[in-house]
file entry_25.cif (mmCIF, C-alpha atoms and all ligand atoms)
data_my_file
loop_
_atom_site.label_atom_id
_atom_site.label_comp_id
_atom_site.auth_asym_id
_atom_site.auth_seq_id
_atom_site.Cartn_x
_atom_site.Cartn_y
_atom_site.Cartn_z
CA MET A 1 95.87 99.56 66.91
CA ASP A 2 92.32 100.93 66.76
CA VAL A 3 90.15 101.34 69.88
CA VAL A 4 86.53 102.44 69.77
CA PHE A 5 84.61 103.85 72.76
CA ALA A 6 80.87 103.14 72.54
CA SER A 7 78.39 103.99 75.27
CA ARG A 8 74.79 105.13 74.91
CA LEU A 9 74.61 106.14 78.60
CA GLU A 10 77.90 107.94 79.26
CA THR A 11 77.30 111.69 79.60
CA GLU A 12 80.95 112.66 78.96
CA PRO A 13 82.19 110.22 76.33
CA GLN A 14 84.86 112.65 75.08
CA ALA A 15 86.50 112.66 78.53
CA TRP A 16 86.78 108.85 78.42
CA VAL A 17 88.21 109.00 74.90
CA ALA A 18 90.79 111.57 76.04
CA ALA A 19 91.77 109.44 79.05
CA LEU A 20 92.10 106.34 76.84
CA ARG A 21 94.25 108.31 74.38
CA ASP A 22 96.56 109.34 77.25
CA ALA A 23 96.83 105.75 78.48
CA LEU A 24 97.25 104.26 74.97
CA PRO A 25 99.35 106.84 73.08
CA GLU A 26 100.26 104.29 70.40
CA ALA A 27 96.57 103.63 69.56
CA ARG A 28 94.00 105.43 67.49
CA VAL A 29 91.19 105.89 70.03
CA ARG A 30 87.91 107.13 68.65
CA LEU A 31 84.37 107.75 69.72
CA TRP A 32 81.75 105.52 68.13
CA ASP A 33 79.96 107.22 65.24
CA ASP A 34 82.29 110.19 65.10
CA GLY A 35 82.58 109.97 61.34
CA GLN A 36 85.72 107.85 61.32
CA PRO A 37 85.83 104.79 59.03
CA GLU A 38 84.29 101.65 60.56
CA GLY A 39 85.33 98.02 60.66
CA GLN A 40 88.83 98.80 61.88
CA ALA A 41 88.49 98.42 65.66
CA ASP A 42 90.70 95.89 67.45
CA PHE A 43 89.18 96.65 70.85
CA ALA A 44 85.91 98.20 72.02
CA VAL A 45 85.36 99.84 75.40
CA VAL A 46 81.63 99.82 76.09
CA TRP A 47 78.72 100.40 78.44
CA ALA A 48 75.28 99.85 76.91
CA PRO A 49 76.75 99.94 73.39
CA PRO A 50 74.67 100.48 70.22
CA SER A 51 73.02 97.32 68.91
CA ASP A 52 74.90 97.38 65.58
CA LEU A 53 78.37 97.49 67.18
CA PHE A 54 79.22 93.88 66.35
CA ALA A 55 77.95 94.06 62.78
CA ARG A 56 79.89 97.25 62.13
CA GLU A 57 83.09 96.21 63.94
CA PRO A 58 83.63 92.56 62.94
CA ARG A 59 87.41 92.55 63.60
CA LEU A 60 87.18 93.05 67.39
CA ARG A 61 89.74 91.07 69.41
CA ALA A 62 88.17 91.85 72.81
CA LEU A 63 85.28 93.77 74.30
CA PHE A 64 85.96 95.71 77.53
CA ASN A 65 82.93 96.42 79.71
CA LEU A 66 82.99 99.64 81.75
CA GLY A 67 81.20 97.85 84.57
CA ALA A 68 81.34 94.62 86.57
CA GLY A 69 77.96 93.25 85.47
CA VAL A 70 77.78 91.80 81.96
CA ASP A 71 74.16 90.57 81.95
CA ALA A 72 73.01 93.22 79.44
CA LEU A 73 75.95 92.59 77.11
CA LEU A 74 75.38 88.84 77.16
CA ASN A 75 71.80 89.46 76.06
CA MET A 76 72.78 91.56 73.04
CA SER A 77 71.97 89.91 69.75
CA GLY A 78 74.97 89.59 67.47
CA LEU A 79 77.54 89.23 70.28
CA PRO A 80 80.05 86.85 68.65
CA ASP A 81 80.46 83.59 70.62
CA ALA A 82 84.23 83.63 70.48
CA LEU A 83 84.76 87.31 71.30
CA PRO A 84 86.48 87.64 74.70
CA LEU A 85 84.29 89.76 76.97
CA VAL A 86 86.26 91.43 79.76
CA ARG A 87 84.50 92.76 82.83
CA LEU A 88 85.75 95.55 85.05
CA GLU A 89 87.41 94.27 88.21
CA ASP A 90 86.73 96.79 90.96
CA GLY A 91 87.61 100.01 89.08
CA GLY A 92 86.94 101.94 92.31
CA MET A 93 83.46 100.43 92.69
CA ALA A 94 84.00 97.95 95.52
CA VAL A 95 84.66 100.51 98.26
CA GLN A 96 81.58 102.48 97.14
CA MET A 97 79.46 99.33 97.28
CA ALA A 98 80.75 98.74 100.81
CA GLU A 99 79.88 102.33 101.76
CA TYR A 100 76.37 101.91 100.39
CA ALA A 101 75.74 98.68 102.28
CA VAL A 102 77.25 99.98 105.53
CA PHE A 103 75.25 103.22 105.30
CA HIS A 104 71.96 101.31 105.19
CA LEU A 105 73.11 98.76 107.79
CA LEU A 106 73.98 101.59 110.21
CA ARG A 107 70.81 103.51 109.41
CA GLU A 108 68.80 100.55 110.68
CA SER A 109 71.04 99.13 113.42
CA ARG A 110 71.81 102.54 114.98
CA ASP A 111 68.27 103.92 114.50
CA PHE A 112 69.54 106.94 112.58
CA GLY A 113 66.27 107.15 110.61
CA ARG A 114 64.32 107.42 113.85
CA TYR A 115 66.70 110.07 115.19
CA GLU A 116 66.12 112.09 111.98
CA ARG A 117 62.38 111.91 112.61
CA GLN A 118 62.87 112.83 116.26
CA GLN A 119 64.82 115.94 115.25
CA THR A 120 61.88 117.14 113.14
CA GLU A 121 59.86 116.96 116.39
CA ARG A 122 62.67 118.61 118.48
CA ARG A 123 62.59 115.45 120.56
CA TRP A 124 65.62 114.49 122.76
CA ARG A 125 65.15 110.79 123.37
CA PRO A 126 68.01 108.26 123.39
CA LEU A 127 66.83 104.91 121.96
CA ASP A 128 68.04 101.45 122.98
CA ASP A 129 71.78 100.66 122.84
CA ILE A 130 72.88 98.58 119.88
CA ASP A 131 73.06 94.79 120.25
CA ARG A 132 75.36 93.68 117.44
CA ALA A 133 74.36 90.03 117.82
CA ALA A 134 70.88 91.07 116.65
CA TRP A 135 72.27 92.60 113.44
CA THR A 136 73.68 89.63 111.59
CA VAL A 137 74.66 90.39 108.00
CA GLY A 138 74.44 87.93 105.09
CA VAL A 139 76.09 88.80 101.78
CA LEU A 140 75.08 87.02 98.56
CA GLY A 141 78.12 86.90 96.27
CA ALA A 142 81.74 86.64 97.40
CA GLY A 143 83.38 88.26 94.39
CA VAL A 144 85.16 91.59 94.14
CA MET A 145 82.11 93.48 95.43
CA GLY A 146 80.74 90.95 97.91
CA ALA A 147 84.08 90.35 99.62
CA ARG A 148 84.61 94.12 100.07
CA VAL A 149 81.09 94.57 101.47
CA ALA A 150 81.59 91.69 103.92
CA GLN A 151 84.99 93.00 105.02
CA ALA A 152 83.49 96.43 105.76
CA CYS A 153 80.73 94.89 107.90
CA VAL A 154 83.21 92.69 109.79
CA ALA A 155 85.48 95.68 110.40
CA LEU A 156 82.54 97.25 112.27
CA GLU A 157 82.12 93.99 114.23
CA TYR A 158 78.79 92.93 112.74
CA PRO A 159 78.55 89.10 112.63
CA THR A 160 78.85 88.50 108.89
CA ALA A 161 78.41 85.53 106.56
CA ILE A 162 78.84 85.23 102.81
CA TRP A 163 77.44 82.92 100.11
CA SER A 164 78.93 82.00 96.75
CA ARG A 165 78.94 79.19 94.22
CA SER A 166 82.31 77.84 95.32
CA GLY A 167 82.27 78.76 99.01
CA ARG A 168 85.08 81.27 98.52
CA ALA A 169 86.67 82.23 101.85
CA VAL A 170 86.81 85.80 103.16
CA PRO A 171 88.86 86.35 106.35
CA GLY A 172 86.72 86.80 109.45
CA VAL A 173 83.53 85.91 107.57
CA GLU A 174 81.56 82.65 107.77
CA SER A 175 81.36 81.21 104.27
CA PHE A 176 78.51 79.17 102.70
CA SER A 177 77.85 77.63 99.28
CA GLY A 178 75.19 75.75 97.37
CA PRO A 179 71.43 75.50 98.03
CA SER A 180 71.75 74.11 101.58
CA GLY A 181 74.40 76.73 102.32
CA LEU A 182 71.99 79.43 101.18
CA ASP A 183 69.32 78.26 103.64
CA ALA A 184 71.89 78.13 106.45
CA LEU A 185 73.06 81.66 105.66
CA LEU A 186 69.50 82.99 105.49
CA ALA A 187 68.57 81.41 108.82
CA ARG A 188 71.29 83.44 110.58
CA THR A 189 70.79 86.68 108.60
CA ARG A 190 68.89 89.83 109.51
CA VAL A 191 70.43 92.20 106.96
CA LEU A 192 70.66 90.63 103.50
CA VAL A 193 72.96 92.33 100.97
CA ASN A 194 72.77 91.14 97.36
CA VAL A 195 75.89 91.47 95.18
CA LEU A 196 75.42 88.50 92.87
CA PRO A 197 75.78 88.74 89.10
CA LEU A 198 72.48 88.42 87.23
CA THR A 199 72.47 85.01 85.53
CA ASP A 200 69.91 82.32 84.71
CA ALA A 201 70.74 80.78 88.11
CA THR A 202 70.29 83.97 90.15
CA ARG A 203 67.38 85.74 88.40
CA GLY A 204 64.49 86.17 90.86
CA ILE A 205 66.53 84.89 93.82
CA LEU A 206 65.22 87.66 96.09
CA CYS A 207 61.76 86.15 96.48
CA ARG A 208 59.29 85.10 99.13
CA ARG A 209 61.11 81.81 99.80
CA VAL A 210 64.28 83.70 100.67
CA PHE A 211 62.55 86.46 102.66
CA ASP A 212 60.69 83.88 104.77
CA ARG A 213 63.97 82.20 105.76
CA LEU A 214 65.52 85.40 107.11
CA ARG A 215 65.39 86.36 110.74
CA PRO A 216 62.27 88.41 111.50
CA ASP A 217 62.25 92.18 111.06
CA ALA A 218 64.85 91.82 108.34
CA VAL A 219 66.40 94.37 106.00
CA LEU A 220 67.10 93.90 102.27
CA ILE A 221 69.87 95.81 100.48
CA ASN A 222 69.92 95.12 96.73
CA ILE A 223 72.89 96.66 94.93
CA ALA A 224 73.33 94.03 92.19
CA ARG A 225 70.56 93.97 89.55
CA GLY A 226 66.82 94.59 89.54
CA GLY A 227 66.26 91.21 87.87
CA HIS A 228 67.26 89.51 91.13
CA LEU A 229 64.20 90.87 92.92
CA VAL A 230 60.60 89.67 92.67
CA GLU A 231 59.03 93.06 93.37
CA ALA A 232 55.60 91.75 94.40
CA ASP A 233 57.22 89.40 96.94
CA LEU A 234 59.14 92.29 98.46
CA GLN A 235 56.02 94.37 98.87
CA GLU A 236 54.20 91.43 100.42
CA ALA A 237 57.07 90.71 102.85
CA LEU A 238 57.10 94.37 103.91
CA ASP A 239 53.32 94.35 104.40
CA ARG A 240 53.56 91.21 106.56
CA GLY A 241 56.36 92.74 108.64
CA GLN A 242 58.78 89.92 107.76
CA LEU A 243 60.94 92.67 106.25
CA ARG A 244 61.17 96.05 107.97
CA SER A 245 62.80 97.94 105.10
CA ALA A 246 64.62 97.70 101.80
CA ALA A 247 67.32 99.80 100.17
CA LEU A 248 67.21 99.39 96.39
CA ASP A 249 69.75 100.79 93.95
CA VAL A 250 68.80 98.69 90.92
CA PHE A 251 65.49 97.89 89.25
CA GLU A 252 64.03 95.67 86.56
CA ARG A 253 63.13 98.86 84.68
CA GLU A 254 65.63 101.72 84.83
CA PRO A 255 64.94 104.59 85.16
CA LEU A 256 62.31 103.52 87.70
CA PRO A 257 59.00 104.74 86.17
CA PRO A 258 57.51 107.81 87.94
CA ASP A 259 54.31 105.91 88.80
CA HIS A 260 56.15 102.96 90.38
CA PRO A 261 54.89 102.32 93.96
CA PHE A 262 58.45 101.99 95.35
CA TRP A 263 58.96 105.77 95.04
CA MET A 264 56.36 106.60 97.67
CA ASP A 265 56.81 103.63 100.02
CA VAL A 266 58.40 104.94 103.24
CA ARG A 267 59.87 101.49 103.95
CA ILE A 268 61.85 101.53 100.70
CA ARG A 269 64.90 103.70 99.94
CA VAL A 270 65.42 104.23 96.22
CA THR A 271 68.66 105.34 94.57
CA PRO A 272 69.26 105.60 90.78
CA HIS A 273 71.85 102.83 90.22
CA ILE A 274 74.72 104.74 91.83
CA ALA A 275 75.92 102.27 94.49
CA GLY A 276 79.23 101.76 92.71
CA ALA A 277 80.36 103.97 89.85
CA SER A 278 83.39 102.97 87.77
CA LEU A 279 85.93 105.75 88.31
CA MET A 280 87.66 106.98 85.17
CA ASP A 281 91.35 106.95 86.17
CA GLY A 282 91.50 103.44 87.64
CA THR A 283 89.17 102.03 85.00
CA VAL A 284 91.17 103.38 82.07
CA ARG A 285 94.45 102.27 83.68
CA GLN A 286 93.06 98.74 84.11
CA ILE A 287 91.75 98.49 80.54
CA ALA A 288 94.96 99.93 79.03
CA ALA A 289 97.08 97.47 81.03
CA LYS A 290 94.95 94.58 79.77
CA ILE A 291 95.16 95.76 76.15
CA HIS A 292 98.95 95.96 76.49
CA ALA A 293 98.99 92.44 77.99
CA LEU A 294 96.87 91.05 75.13
CA ASN A 295 99.16 92.68 72.58
CA ARG A 296 102.14 91.00 74.24
CA GLY A 297 100.27 87.68 74.12
CA ASP A 298 99.93 87.52 77.93
CA ALA A 299 96.89 86.17 79.77
CA ILE A 300 94.53 88.62 81.48
CA THR A 301 92.01 88.29 84.32
CA GLY A 302 88.36 89.27 84.17
CA ILE A 303 87.38 87.34 81.04
CA VAL A 304 83.74 86.35 81.39
CA ASP A 305 82.97 82.63 81.42
CA ARG A 306 80.07 82.44 78.94
CA ASN A 307 78.75 79.23 80.53
CA ARG A 308 78.64 80.71 84.05
CA GLN A 309 77.45 84.07 82.63
CA TYR A 310 79.79 86.08 84.87
P1 LIG B 1 82.30 88.73 90.66
O1 LIG B 1 83.65 89.15 91.19
O2 LIG B 1 82.24 87.96 89.40
O3 LIG B 1 81.63 87.87 91.83
C1 LIG B 1 80.44 87.18 91.66
C2 LIG B 1 80.17 86.36 92.92
O4 LIG B 1 78.88 85.78 92.82
C3 LIG B 1 81.18 85.21 93.09
O5 LIG B 1 81.51 85.04 94.44
C4 LIG B 1 80.37 83.99 92.58
O6 LIG B 1 80.75 82.76 93.16
C5 LIG B 1 78.99 84.39 93.06
N1 LIG B 1 77.95 83.67 92.29
C6 LIG B 1 77.69 83.73 90.96
N2 LIG B 1 76.67 82.92 90.64
C7 LIG B 1 76.30 82.31 91.78
C8 LIG B 1 75.32 81.33 92.10
N3 LIG B 1 74.51 80.81 91.16
N4 LIG B 1 75.22 80.92 93.39
C9 LIG B 1 76.03 81.42 94.33
N5 LIG B 1 76.99 82.35 94.10
C10 LIG B 1 77.12 82.79 92.84
O7 LIG B 1 81.36 90.00 90.51
P2 LIG B 1 81.48 91.41 91.25
O8 LIG B 1 82.53 92.25 90.62
O9 LIG B 1 81.56 91.17 92.71
O10 LIG B 1 80.07 92.07 90.87
C11 LIG B 1 78.86 91.46 91.25
C12 LIG B 1 77.68 92.18 90.65
O11 LIG B 1 77.49 93.45 91.28
C13 LIG B 1 77.82 92.55 89.17
O12 LIG B 1 77.53 91.45 88.34
C14 LIG B 1 76.82 93.68 89.02
O13 LIG B 1 75.57 93.16 88.63
C15 LIG B 1 76.71 94.27 90.42
N6 LIG B 1 77.24 95.65 90.48
C16 LIG B 1 76.37 96.67 90.71
C17 LIG B 1 76.84 97.97 90.83
C18 LIG B 1 75.91 99.12 91.15
O14 LIG B 1 76.28 100.27 90.97
N7 LIG B 1 74.73 98.87 91.66
C19 LIG B 1 78.21 98.23 90.67
C20 LIG B 1 79.07 97.15 90.43
C21 LIG B 1 78.57 95.86 90.34
P3 LIG B 1 82.22 82.16 92.98
O15 LIG B 1 83.12 83.03 93.81
O16 LIG B 1 82.13 80.79 93.51
O17 LIG B 1 82.53 82.24 91.51
C1 LIG B 2 77.25 98.48 87.53
O1 LIG B 2 76.11 98.27 87.73
C2 LIG B 2 78.21 97.50 87.15
O2 LIG B 2 77.81 96.36 86.86
O3 LIG B 2 79.40 97.81 87.13
#

call {"tool": "encode", "arguments": {"input": "entry_25.cif", "output": "structure tokens", "more": "lines below"}}
Ligand code: NAP
Ligand code: GLV
result
Amino acid sequence: MDVVFASRLETEPQAWVAALRDALPEARVRLWDDGQPEGQADFAVVWAPPSDLFAREPRLRALFNLGAGVDALLNMSGLPDALPLVRLEDGGMAVQMAEYAVFHLLRESRDFGRYERQQTERRWRPLDDIDRAAWTVGVLGAGVMGARVAQACVALEYPTAIWSRSGRAVPGVESFSGPSGLDALLARTRVLVNVLPLTDATRGILCRRVFDRLRPDAVLINIARGGHLVEADLQEALDRGQLRSAALDVFEREPLPPDHPFWMDVRIRVTPHIAGASLMDGTVRQIAAKIHALNRGDAITGIVDRNRQY
């Protein structure tokens, strides 16, 4: 069995190769372009792989993505139609996504940003007590990430609702689906957290229409993909005061260009796509277990539905 690791973004590819070798001792695991012969790979483990991967490795039986989102892979030219594309399921990311969302929820609902400013002025001034009913959370996407985010908000007793295609239930969380369900969720939401996959159906969903349906003085937390957000609509909603702030981890162009206005906007918190990192141990264990299952002829979870695009 031949496994190739191909990532243009990974800073320590050799560490991933070593971990895969430990987890798959029976396999020849190699780093893409390391001088080994090509065309032999049964499986590829990838994140932002080189564009000629599919031409040079035509015998692939499955492609394992090192992340949950497969939008970039689906857009690669040459991706064979019949090649099973397997996304990462959690891999240590979901709890980090929940931390990210909760951090920004608490920053706003508990006024921690204002207390930071008060400290710079040596000012001792308790602000109003929290009214949880005023901090309703709406989560877009009820998958591995969305469900974990919603559970974390509910655990802290924030009234929380979730929206998905199928209306998937999450304990303790009000669940919505479909276009009318989206409007109903937005109408009750003050803090909107986006954890949808980027597909033809969800591109540009974070737009003026959605912002205008939120409760006033709302907060946007986008930890899914930059392509979900219409940037001009966000800026306009902030200027109008319909939104009070936004926490953005993902952008249409990454890295965010140095001259982009978001960097200097005090209402916007920018992070460099770090909300949920796939952690090596759990990720490698998951991929190795799935490779073993495929070799036994067993079914695996996480295969992307090409029609749904996630
Ligand atoms: P997932 O398990 O596949 O869940 C996707 C959810 O979105 C499902 O609940 C699905 O509905 C819902 N959905 C999809 N299309 C929809 C539509 N048109 N209308 C309504 N709901 C729709 O995915 P995941 O593992 O939670 O990951 C979600 C996304 O998070 C990834 O695609 C990735 O872009 C992003 N992400 C970002 C980071 C980061 O570091 N910033 C890290 C990890 C993931 P159903 O349940 O009905 O199918
Ligand atoms: C990260 O953005 C992922 O999709 O896993």

call {"tool": "residues_near_point", "arguments": {"input": "entry_25.cif", "point": "(70.9, 98.3, 96.9)", "cutoff": "9 Å", "atoms": "all atoms listed in the file", "output": "PyMOL selection string"}}
result
chain A and resi 97+100-101+104+193-195+220-225+246-250+269-271+273+275

call {"tool": "closest_residue", "arguments": {"input": "entry_25.cif", "among": "A:Arg107, A:Arg122, A:Arg306, A:Arg188", "to": "Asn75 (chain A)", "atoms": "all atoms listed in the file"}}
result
A:Arg306

call {"tool": "residues_near_ligand", "arguments": {"input": "entry_25.cif", "ligand": "ligand LIG 2 (chain B)", "cutoff": "7 Å", "atoms": "only C-alpha atoms and all ligand atoms", "output": "list in words"}}
result
Leu66, Gly67, Ala68, Gly69, Val70, Ala224, His273, Gly276, Ala277 and Ser278 of chain A

call {"tool": "atom_distance", "arguments": {"input": "entry_25.cif", "atom1": "atom C9 of ligand LIG 1 (chain B)", "atom2": "CA of Leu234 (chain A)"}}
result
20.5 Å

call {"tool": "closest_atom_pairs", "arguments": {"input": "entry_25.cif", "of": "region 49-156 of chain A", "to": "region 206-215 of chain A", "cutoff": "10 Å", "atoms": "only C-alpha atoms", "output": "JSON lines"}}
result
{"residue": "A:Ala134", "atom": "CA", "partner": "A:Arg215", "partner_atom": "CA", "distance": 9.3}
{"residue": "A:Trp135", "atom": "CA", "partner": "A:Arg215", "partner_atom": "CA", "distance": 9.7}
{"residue": "A:Thr136", "atom": "CA", "partner": "A:Arg215", "partner_atom": "CA", "distance": 9.0}
{"residue": "A:Gly138", "atom": "CA", "partner": "A:Leu214", "partner_atom": "CA", "distance": 9.5}

call {"tool": "decode", "arguments": {"input": "entry_25.cif", "residues": "region 278-301 of chain A", "atoms": "N, CA, C and O atoms", "output": "PDB file, in the first residue's frame"}}
result
ATOM      1  N   SER A 278      -6.730  21.211  12.802  1.00  0.00           N
ATOM      2  CA  SER A 278      -6.775  19.748  12.913  1.00  0.00           C
ATOM      3  C   SER A 278      -5.533  19.280  13.669  1.00  0.00           C
ATOM      4  O   SER A 278      -4.412  19.587  13.271  1.00  0.00           O
ATOM      5  N   LEU A 279      -5.744  18.566  14.757  1.00  0.00           N
ATOM      6  CA  LEU A 279      -4.634  18.154  15.623  1.00  0.00           C
ATOM      7  C   LEU A 279      -4.076  16.813  15.128  1.00  0.00           C
ATOM      8  O   LEU A 279      -4.831  15.903  14.781  1.00  0.00           O
ATOM      9  N   MET A 280      -2.741  16.742  15.108  1.00  0.00           N
ATOM     10  CA  MET A 280      -2.087  15.642  14.386  1.00  0.00           C
ATOM     11  C   MET A 280      -2.489  14.251  14.886  1.00  0.00           C
ATOM     12  O   MET A 280      -2.862  13.388  14.089  1.00  0.00           O
ATOM     13  N   ASP A 281      -2.439  14.026  16.201  1.00  0.00           N
ATOM     14  CA  ASP A 281      -2.651  12.657  16.701  1.00  0.00           C
ATOM     15  C   ASP A 281      -4.016  12.111  16.309  1.00  0.00           C
ATOM     16  O   ASP A 281      -4.138  11.044  15.707  1.00  0.00           O
ATOM     17  N   GLY A 282      -5.074  12.885  16.660  1.00  0.00           N
ATOM     18  CA  GLY A 282      -6.437  12.415  16.385  1.00  0.00           C
ATOM     19  C   GLY A 282      -6.711  12.323  14.895  1.00  0.00           C
ATOM     20  O   GLY A 282      -7.390  11.401  14.420  1.00  0.00           O
ATOM     21  N   THR A 283      -6.152  13.261  14.139  1.00  0.00           N
ATOM     22  CA  THR A 283      -6.374  13.282  12.697  1.00  0.00           C
ATOM     23  C   THR A 283      -5.757  12.053  12.033  1.00  0.00           C
ATOM     24  O   THR A 283      -6.395  11.366  11.231  1.00  0.00           O
ATOM     25  N   VAL A 284      -4.513  11.777  12.393  1.00  0.00           N
ATOM     26  CA  VAL A 284      -3.819  10.629  11.794  1.00  0.00           C
ATOM     27  C   VAL A 284      -4.508   9.332  12.208  1.00  0.00           C
ATOM     28  O   VAL A 284      -4.701   8.418  11.378  1.00  0.00           O
ATOM     29  N   ARG A 285      -4.920   9.250  13.480  1.00  0.00           N
ATOM     30  CA  ARG A 285      -5.621   8.035  13.947  1.00  0.00           C
ATOM     31  C   ARG A 285      -6.898   7.830  13.127  1.00  0.00           C
ATOM     32  O   ARG A 285      -7.206   6.727  12.692  1.00  0.00           O
ATOM     33  N   GLN A 286      -7.635   8.912  12.905  1.00  0.00           N
ATOM     34  CA  GLN A 286      -8.901   8.804  12.157  1.00  0.00           C
ATOM     35  C   GLN A 286      -8.651   8.351  10.713  1.00  0.00           C
ATOM     36  O   GLN A 286      -9.331   7.460  10.197  1.00  0.00           O
ATOM     37  N   ILE A 287      -7.662   8.967  10.065  1.00  0.00           N
ATOM     38  CA  ILE A 287      -7.395   8.621   8.660  1.00  0.00           C
ATOM     39  C   ILE A 287      -6.887   7.183   8.558  1.00  0.00           C
ATOM     40  O   ILE A 287      -7.318   6.417   7.682  1.00  0.00           O
ATOM     41  N   ALA A 288      -5.989   6.785   9.473  1.00  0.00           N
ATOM     42  CA  ALA A 288      -5.458   5.411   9.424  1.00  0.00           C
ATOM     43  C   ALA A 288      -6.586   4.406   9.632  1.00  0.00           C
ATOM     44  O   ALA A 288      -6.647   3.379   8.925  1.00  0.00           O
ATOM     45  N   ALA A 289      -7.501   4.702  10.564  1.00  0.00           N
ATOM     46  CA  ALA A 289      -8.614   3.768  10.815  1.00  0.00           C
ATOM     47  C   ALA A 289      -9.483   3.645   9.570  1.00  0.00           C
ATOM     48  O   ALA A 289      -9.960   2.553   9.223  1.00  0.00           O
ATOM     49  N   LYS A 290      -9.672   4.760   8.856  1.00  0.00           N
ATOM     50  CA  LYS A 290     -10.509   4.705   7.651  1.00  0.00           C
ATOM     51  C   LYS A 290      -9.791   3.955   6.515  1.00  0.00           C
ATOM     52  O   LYS A 290     -10.425   3.235   5.743  1.00  0.00           O
ATOM     53  N   ILE A 291      -8.488   4.130   6.411  1.00  0.00           N
ATOM     54  CA  ILE A 291      -7.745   3.383   5.384  1.00  0.00           C
ATOM     55  C   ILE A 291      -7.832   1.876   5.682  1.00  0.00           C
ATOM     56  O   ILE A 291      -8.075   1.060   4.782  1.00  0.00           O
ATOM     57  N   HIS A 292      -7.671   1.523   6.960  1.00  0.00           N
ATOM     58  CA  HIS A 292      -7.796   0.097   7.317  1.00  0.00           C
ATOM     59  C   HIS A 292      -9.194  -0.415   6.961  1.00  0.00           C
ATOM     60  O   HIS A 292      -9.339  -1.521   6.420  1.00  0.00           O
ATOM     61  N   ALA A 293     -10.218   0.386   7.264  1.00  0.00           N
ATOM     62  CA  ALA A 293     -11.598  -0.037   6.969  1.00  0.00           C
ATOM     63  C   ALA A 293     -11.785  -0.230   5.461  1.00  0.00           C
ATOM     64  O   ALA A 293     -12.357  -1.233   5.018  1.00  0.00           O
ATOM     65  N   LEU A 294     -11.277   0.703   4.668  1.00  0.00           N
ATOM     66  CA  LEU A 294     -11.423   0.574   3.200  1.00  0.00           C
ATOM     67  C   LEU A 294     -10.710  -0.680   2.702  1.00  0.00           C
ATOM     68  O   LEU A 294     -11.219  -1.391   1.836  1.00  0.00           O
ATOM     69  N   ASN A 295      -9.544  -0.955   3.271  1.00  0.00           N
ATOM     70  CA  ASN A 295      -8.805  -2.154   2.844  1.00  0.00           C
ATOM     71  C   ASN A 295      -9.546  -3.443   3.201  1.00  0.00           C
ATOM     72  O   ASN A 295      -9.403  -4.452   2.525  1.00  0.00           O
ATOM     73  N   ARG A 296     -10.333  -3.375   4.284  1.00  0.00           N
ATOM     74  CA  ARG A 296     -11.132  -4.560   4.659  1.00  0.00           C
ATOM     75  C   ARG A 296     -12.417  -4.646   3.840  1.00  0.00           C
ATOM     76  O   ARG A 296     -13.168  -5.600   3.944  1.00  0.00           O
ATOM     77  N   GLY A 297     -12.706  -3.558   3.098  1.00  0.00           N
ATOM     78  CA  GLY A 297     -13.951  -3.519   2.328  1.00  0.00           C
ATOM     79  C   GLY A 297     -15.118  -2.993   3.139  1.00  0.00           C
ATOM     80  O   GLY A 297     -16.284  -3.117   2.735  1.00  0.00           O
ATOM     81  N   ASP A 298     -14.837  -2.366   4.305  1.00  0.00           N
ATOM     82  CA  ASP A 298     -15.908  -1.821   5.146  1.00  0.00           C
ATOM     83  C   ASP A 298     -16.273  -0.398   4.703  1.00  0.00           C
ATOM     84  O   ASP A 298     -15.454   0.309   4.101  1.00  0.00           O
ATOM     85  N   ALA A 299     -17.485   0.006   5.054  1.00  0.00           N
ATOM     86  CA  ALA A 299     -17.929   1.373   4.752  1.00  0.00           C
ATOM     87  C   ALA A 299     -17.274   2.344   5.740  1.00  0.00           C
ATOM     88  O   ALA A 299     -16.933   1.970   6.862  1.00  0.00           O
ATOM     89  N   ILE A 300     -17.076   3.582   5.306  1.00  0.00           N
ATOM     90  CA  ILE A 300     -16.552   4.617   6.211  1.00  0.00           C
ATOM     91  C   ILE A 300     -17.484   5.826   6.181  1.00  0.00           C
ATOM     92  O   ILE A 300     -18.233   6.019   5.231  1.00  0.00           O
ATOM     93  N   THR A 301     -17.400   6.645   7.230  1.00  0.00           N
ATOM     94  CA  THR A 301     -18.156   7.895   7.274  1.00  0.00           C
ATOM     95  C   THR A 301     -17.284   9.026   6.740  1.00  0.00           C
ATOM     96  O   THR A 301     -16.072   8.874   6.589  1.00  0.00           O
TER      97      THR A 301
END
